[in-house]
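These notes concern the structure reproduced below.
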There are 2 protein chains.
Amino acid sequence: MPLVRVHNFSISLDGYGSGEPQSLESPFGHAGQRLHEWMFATSFWDRESGQCGVDAVFAGRHEVGFGAEIMGANKFGPPGWQDDPDWRGWWGEDPPFHTPTYVLTHRPRPPLEMAGGTTFHFLDASPAEALAVAREAAGDLDVRLGGGASVVRDFVAAGLVDHLHLVVVPIVLGRGARLWDGLEALEDTFDIESVSSPSGVIHLTFTRRG
Amino acid sequence: MPLVRVHNFSISLDGYGSGEPQSLESPFGHAGQRLHEWMFATSFWDRESGQCGVDAVFAGRHEVGFGAEIMGANKFGPPGWQDDPDWRGWWGEDPPFHTPTYVLTHRPRPPLEMAGGTTFHFLDASPAEALAVAREAAGDLDVRLGGGASVVRDFVAAGLVDHLHLVVVPIVLGRGARLWDGLEALEDTFDIESVSSPSGVIHLTFTRRG
């Protein structure tokens, strides 16, 4: 059975996956790039001069074995992108997904075929409905859940996530999109492991019990 | 210069230092003992059969070099203890503080002299005022800040804490007394380090920059 996996989802010590306000200039609000600097320093991001330790090993799992991605509207573009018919995502003409990619939005639009195998499909659907569509597209491969915080939260709360990899970055954001709300007693359904990296971040993995 | 230190302050993944509701029967509310089981398994707690690894080493720092403790009203007793003139704390006649111990409360009462060197003093005072009194009593020794969450938060926000040791326990409480509120950008004034323990908890240390 293919899995639903979340990788490299970075949060602050106080559990925010993004700062605020989010905008075209600041996709992560006042967090800036601080939630993701750990990744930029890895060979996953910079093959020639990045480090190849625990951060890189975790980061690289983002690429392996996926046949589809699901993401929330807030990951696809800045607030208001639905009003811009020309918005094609943050990632240029060759986005790093290379599979069918399902964007959850209450204002769907026709699919966008990009280079490199990525096609964006826009769905107004519940987590379970969206997952059924993505699983169909992914075939024998896994489905990546790409975030943001509210999408991860909703899918986890609905019992739809098998593997969850969080990266706790040692900053306190104080405000933004918080991951943890509504996930009380997550330890009852997941095995939780942590490892501290020399870079200062903490990798947390949640494995759903069989 | 003596330091102000917090040791062994346990929080859930989502940042709660206690569950709810707190009561005589359940001092930590629905968290039960889960925030502190890591400590019960150490030689700090059980000298003969506890483990002596990283959890024990951190836990033992709670005892070393203190001349006074400050704690909040919610640490001293269950909600409503102020209405019980016979309440003498949770810890029996020989509490584990062995120094003057200052309880912050808006309803002070006369000091309580216990066995083993602990005397409880009751102060209606700001963090800075309480700390001045505690420093005076501690002399050349450090002052321990004992919690709970709101007291740690208030003292950290006021810039009065030098060393902060948090223990992140891999549970999601969902509700209770949250540590992080109002501490945005803590990383600007503290160096932050983390280490994962084989027990599953994560030790976070915050060292105030000089």
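Chain labels follow the order of the structure tokens: the first chain is A, the next B, and so on; residue numbering restarts at 1 in every chain, and ligands are counted from 1 in their shown order.
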Counting only C-alpha atoms, which residues from chain B have an atom at most 9 Å from any atom of chain A, and could you show them as a short mmCIF file (atom, residue, chain, number, x, y, z; two decimals) with N, CA and C atoms, in the first residue's frame?
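Output file part.cif is given in full below:
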```cif
data_model
loop_
_atom_site.label_atom_id
_atom_site.label_comp_id
_atom_site.auth_asym_id
_atom_site.auth_seq_id
_atom_site.Cartn_x
_atom_site.Cartn_y
_atom_site.Cartn_z
N LEU B 13 5.30 18.76 22.95
CA LEU B 13 5.72 19.22 21.63
C LEU B 13 5.06 20.54 21.27
N ASP B 14 3.82 20.68 21.69
CA ASP B 14 3.11 21.92 21.38
C ASP B 14 3.26 22.98 22.48
N GLY B 15 4.23 22.78 23.36
CA GLY B 15 4.64 23.88 24.23
C GLY B 15 3.90 24.06 25.54
N PRO B 170 7.74 14.02 23.90
CA PRO B 170 7.05 13.77 22.63
C PRO B 170 5.58 13.40 22.80
N ILE B 171 4.82 14.32 23.33
CA ILE B 171 3.36 14.20 23.41
C ILE B 171 2.77 15.53 22.97
N VAL B 172 1.53 15.48 22.50
CA VAL B 172 0.82 16.70 22.09
C VAL B 172 -0.35 16.89 23.05
N LEU B 173 -0.24 17.88 23.92
CA LEU B 173 -1.27 18.06 24.96
C LEU B 173 -2.50 18.81 24.46
N GLY B 174 -2.30 19.74 23.54
CA GLY B 174 -3.44 20.41 22.94
C GLY B 174 -4.03 21.55 23.76
N ARG B 175 -3.82 21.53 25.07
CA ARG B 175 -4.39 22.56 25.95
C ARG B 175 -3.66 22.54 27.29
N LEU B 179 3.97 27.73 27.29
CA LEU B 179 5.19 28.47 27.61
C LEU B 179 5.47 29.61 26.65
N TRP B 180 5.27 29.39 25.35
CA TRP B 180 5.94 30.22 24.36
C TRP B 180 5.34 31.60 24.13
N ASP B 181 4.11 31.81 24.53
CA ASP B 181 3.45 33.06 24.17
C ASP B 181 4.23 34.29 24.62
N GLY B 182 4.41 35.22 23.71
CA GLY B 182 5.06 36.47 24.05
C GLY B 182 6.58 36.41 24.06
N LEU B 183 7.14 35.31 23.59
CA LEU B 183 8.61 35.16 23.61
C LEU B 183 9.22 35.26 22.21
N GLU B 184 8.51 35.88 21.29
CA GLU B 184 9.02 36.05 19.91
C GLU B 184 10.46 36.53 19.90
N ALA B 185 11.25 35.90 19.02
CA ALA B 185 12.65 36.30 18.78
C ALA B 185 13.57 36.01 19.95
N LEU B 186 13.25 35.03 20.74
CA LEU B 186 14.11 34.61 21.84
C LEU B 186 15.52 34.29 21.35
N GLU B 187 15.61 33.83 20.11
CA GLU B 187 16.91 33.47 19.54
C GLU B 187 17.83 34.68 19.38
N ASP B 188 17.29 35.89 19.48
CA ASP B 188 18.15 37.07 19.37
C ASP B 188 18.95 37.31 20.64
N ILE B 192 20.98 28.84 21.55
CA ILE B 192 20.08 27.70 21.75
C ILE B 192 20.75 26.43 21.27
N GLU B 193 20.70 25.40 22.11
CA GLU B 193 21.31 24.12 21.77
C GLU B 193 20.29 23.03 22.05
N SER B 194 20.35 21.95 21.29
CA SER B 194 19.43 20.84 21.57
C SER B 194 20.17 19.53 21.53
N VAL B 195 19.69 18.58 22.33
CA VAL B 195 20.20 17.21 22.24
C VAL B 195 19.04 16.25 22.48
N SER B 196 18.93 15.27 21.59
CA SER B 196 17.90 14.26 21.74
C SER B 196 18.42 13.18 22.65
N SER B 197 17.55 12.73 23.54
CA SER B 197 17.92 11.64 24.44
C SER B 197 17.35 10.33 23.92
N PRO B 198 18.06 9.23 24.17
CA PRO B 198 17.49 7.92 23.82
C PRO B 198 16.12 7.66 24.47
N GLY B 200 13.70 9.59 24.36
CA GLY B 200 12.67 10.18 23.52
C GLY B 200 12.46 11.66 23.75
N VAL B 201 12.98 12.18 24.88
CA VAL B 201 12.82 13.61 25.11
C VAL B 201 13.96 14.38 24.43
N ILE B 202 13.76 15.67 24.32
CA ILE B 202 14.77 16.55 23.75
C ILE B 202 15.13 17.60 24.80
#
```
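Neighbouring residues of stretch 116-130 of chain B at 7 Å or closer, counting only C-alpha atoms and skipping chain neighbours under 5 positions away, are Asp94, Pro95, Phe97, His98, Thr99, Pro100, Thr101, Tyr102, Val103, Leu104, Thr105, His106, Arg107, Pro108, Arg109, Pro111 and Phe155 of chain B.
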Quick one: pick out all alpha helix (DSSP H) residues within stretch 44-123 of chain A from a backbone DSSP run and write them as a ChimeraX atom specification.
-> /A:54-60,73-76
Write a file of the selected residues as a CSV table (one decimal), in the first residue's frame, keeping all heavy atoms.
```csv
chain,number,residue,atom,x,y,z
A,54,VAL,N,23.2,14.6,8.5
A,54,VAL,CA,21.8,14.2,8.8
A,54,VAL,C,20.8,15.1,8.2
A,54,VAL,O,19.7,14.6,7.8
A,54,VAL,CB,21.6,14.0,10.4
A,54,VAL,CG1,21.8,15.4,11.1
A,54,VAL,CG2,20.3,13.4,10.7
A,55,ASP,N,21.1,16.4,8.1
A,55,ASP,CA,20.1,17.3,7.5
A,55,ASP,C,19.9,16.9,6.0
A,55,ASP,O,18.7,16.9,5.5
A,55,ASP,CB,20.5,18.7,7.6
A,55,ASP,CG,20.5,19.3,9.0
A,55,ASP,OD1,20.0,18.6,9.9
A,55,ASP,OD2,21.1,20.3,9.2
A,56,ALA,N,21.0,16.6,5.3
A,56,ALA,CA,20.9,16.3,3.9
A,56,ALA,C,20.2,14.9,3.7
A,56,ALA,O,19.4,14.8,2.8
A,56,ALA,CB,22.3,16.2,3.3
A,57,VAL,N,20.5,14.0,4.6
A,57,VAL,CA,19.8,12.7,4.4
A,57,VAL,C,18.3,12.8,4.6
A,57,VAL,O,17.6,12.2,3.8
A,57,VAL,CB,20.4,11.7,5.5
A,57,VAL,CG1,19.7,10.4,5.5
A,57,VAL,CG2,21.9,11.5,5.2
A,58,PHE,N,17.9,13.5,5.6
A,58,PHE,CA,16.5,13.7,5.8
A,58,PHE,C,15.9,14.5,4.6
A,58,PHE,O,14.9,14.1,4.0
A,58,PHE,CB,16.2,14.5,7.1
A,58,PHE,CG,15.9,13.6,8.2
A,58,PHE,CD1,16.9,13.5,9.3
A,58,PHE,CD2,14.8,12.9,8.3
A,58,PHE,CE1,16.6,12.7,10.4
A,58,PHE,CE2,14.5,12.1,9.4
A,58,PHE,CZ,15.5,12.0,10.4
A,59,ALA,N,16.6,15.6,4.2
A,59,ALA,CA,16.0,16.5,3.1
A,59,ALA,C,15.8,15.7,1.8
A,59,ALA,O,14.8,15.8,1.2
A,59,ALA,CB,17.0,17.6,2.9
A,60,GLY,N,16.7,14.8,1.5
A,60,GLY,CA,16.7,14.1,0.3
A,60,GLY,C,15.5,13.1,0.1
A,60,GLY,O,15.1,12.8,-1.0
A,73,ALA,N,-3.6,25.9,-0.8
A,73,ALA,CA,-3.6,27.1,-1.6
A,73,ALA,C,-2.5,28.0,-1.2
A,73,ALA,O,-1.9,28.7,-2.0
A,73,ALA,CB,-5.0,27.8,-1.6
A,74,ASN,N,-2.2,28.1,0.1
A,74,ASN,CA,-1.2,29.0,0.6
A,74,ASN,C,0.2,28.6,0.2
A,74,ASN,O,1.1,29.4,0.3
A,74,ASN,CB,-1.3,29.2,2.1
A,74,ASN,CG,-2.5,30.1,2.5
A,74,ASN,OD1,-3.0,30.9,1.7
A,74,ASN,ND2,-2.8,30.0,3.8
A,75,LYS,N,0.4,27.4,-0.2
A,75,LYS,CA,1.7,27.0,-0.7
A,75,LYS,C,1.9,27.4,-2.1
A,75,LYS,O,3.0,27.7,-2.5
A,75,LYS,CB,1.9,25.5,-0.5
A,75,LYS,CG,3.3,25.0,-1.0
A,75,LYS,CD,3.7,23.6,-0.6
A,75,LYS,CE,4.9,23.1,-1.4
A,75,LYS,NZ,5.4,21.8,-1.0
A,76,PHE,N,0.8,27.4,-2.9
A,76,PHE,CA,0.9,27.6,-4.3
A,76,PHE,C,1.2,29.0,-4.7
A,76,PHE,O,1.8,29.3,-5.7
A,76,PHE,CB,-0.4,27.1,-5.0
A,76,PHE,CG,-0.3,27.2,-6.5
A,76,PHE,CD1,0.5,26.4,-7.2
A,76,PHE,CD2,-1.1,28.1,-7.2
A,76,PHE,CE1,0.6,26.5,-8.6
A,76,PHE,CE2,-1.0,28.2,-8.6
A,76,PHE,CZ,-0.2,27.4,-9.3
```
Nearest to B:Gly19 among B:Val152, B:Ala115, B:Ala158, B:Ala31, with distances taken over only C-alpha atoms: which residue is it?
->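 For B:Gly19, the nearest of the candidates is B:Ala31.
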DSSP-assigned strand (DSSP E) among stretch 21-147 of chain A, expressed as a VMD selection string | chain A and resid 66 to 72 100 to 104 112 to 113 119 to 123 142 to 145
Tell me, as an MDAnalysis selection string, which residues lie within 9 Å of B:Ala149, counting only C-alpha atoms; anything in the same chain fewer than 6 positions away does not count.
-> chainID B and resid 9 11 16:18 72 177:180
When you draw a straight line from atom CA of B:Thr189 to atom CA of B:Leu166, how long is it in Å?
-> 16.3 Å
Calculate how many Å separate atom CA of B:Val161 from atom CA of B:Trp45, rounding to one decimal.
-> 25.3 Å
Shell around A:Asp140 at 9 Å using only C-alpha atoms, local window under 5 positions removed, as a list in words |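 Skipping anything fewer than 5 positions along the chain leaves Met1, Pro2, Phe66, Gly67 and Arg135 of chain A.
Between atom CA of B:Cys52 and atom CA of B:Val169 the separation is 18.5 Å.
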Name the residues in contact with stretch 78-86 of chain B at a cut-off of 8 Å, using only C-alpha atoms, excluding same-chain residues fewer than 6 positions from it; report them as a short mmCIF file (atom, residue, chain, number, x, y, z; two decimals) with C-alpha atoms, in the first residue's frame.
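Saved the output as around-v9.cif:
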```
data_model
loop_
_atom_site.label_atom_id
_atom_site.label_comp_id
_atom_site.auth_asym_id
_atom_site.auth_seq_id
_atom_site.Cartn_x
_atom_site.Cartn_y
_atom_site.Cartn_z
CA GLN B 22 -5.13 21.47 37.50
CA SER B 23 -6.40 20.09 40.81
CA LEU B 24 -5.35 18.49 44.07
CA PRO B 27 -1.49 18.78 39.63
CA ARG B 107 -2.43 36.93 48.67
#
```
